[in-house]
Amino acid sequence: MTRTWWSLLLTALVCGFAATAHAADSVGTLYSKEGAVELESTAGGGFRPIEVGAELPFGGSLRTGAASRAAVLMRDGVMVRLNESSSFRFTKRIEGGASLSVEQGDAHFLSRKPASIPEVRTTYVTASIRGTEFVVSSGPEGSRIGVLQGAVTASNALGTVDLRDREEAVVRPGGPPSKGILVDPE
C-alpha cells in the first residue's frame, strides 16, 4: 500500500513539473475567438486553426481572418484583442513577459500592472508600456498608437514621444513619431 501511494505521488509530481514547464514555454492562451483564427508555431508547418484554451508559444504568430476576432490572455494577466485581418508575433522572451510585434492590423492591449508588457513593436515604431490601455494599428501606410488610459512611450530611430491619456502617436514610413490628441466621436 505504501509503495503504491509513493508511486502515485511521484507520478503526480512529475506530471505537475511537466505541466509547469509547458506553461512556462508559452506566452499565454487563446481566451476567445470569433471566425477564423490561426497559429503559426515555432516548429513550422505554416498557419493552422487554433481553438480557445490553446497555449501560444514564444516565437509563434497569431492571425485573424476577415470578419474574425481573437482575445489572448497573456501569462502576466494582460489581455490583447486582435481585430479582423490582424496578426502579431511573440518575438522574444524578456524578463517579466514577452516582446510582441504587431505585424499588421489592429491590437487592443489592456494592462493594469506597470510594465507587464515591456514593449510592442510595429514596422515603424516601438511602444514601451507603463500599465495602460492602448490600441496599436499597423499597415503599409504607417503605425498609430492611441492611449486610452495610462502612459506609453512611442519611439523609433528618428524620435520619441511620451503619450498619456487620450493622446496618440502617428508614424509614417521614414518619419518620426508625431503626437496628437485622440478625438472623441461622441
# chains A, B, ... in the order shown; residues from 1 in each chain; ligands from 1
>>> residues_around(residues="Val135 in chain A", least_positions_apart="4", cutoff="9 Å", atoms="only C-alpha atoms", output="list in words")
Asp106, Ala107, His108, Phe109, Leu110, Arg144, Ile145, Gly146, Val147 and Leu148 of chain A
>>> residues_around(residues="range 39-42 of chain A", least_positions_apart="6", cutoff="8 Å", atoms="only C-alpha atoms", output="count of residues only")
11
>>> select_by_dssp(residues="range 34-167 of chain A", states="strand (DSSP E or B)", output="ChimeraX atom specification")
/A:34,37-40,48-49,55-57,61-64,69-74,79-82,87-94,97-110,120-121,126-129,133-139,142-149,152-156,159-163,167
>>> closest_residue(among="A:Glu133, A:Glu141, A:Glu168, A:Glu84", to="Arg112 in chain A", atoms="only C-alpha atoms")
A:Glu133
>>> residues_around(residues="Asp165 in chain A", least_positions_apart="2", cutoff="8 Å", atoms="only C-alpha atoms", output="MDAnalysis selection string")
chainID A and resid 147:151 163 167
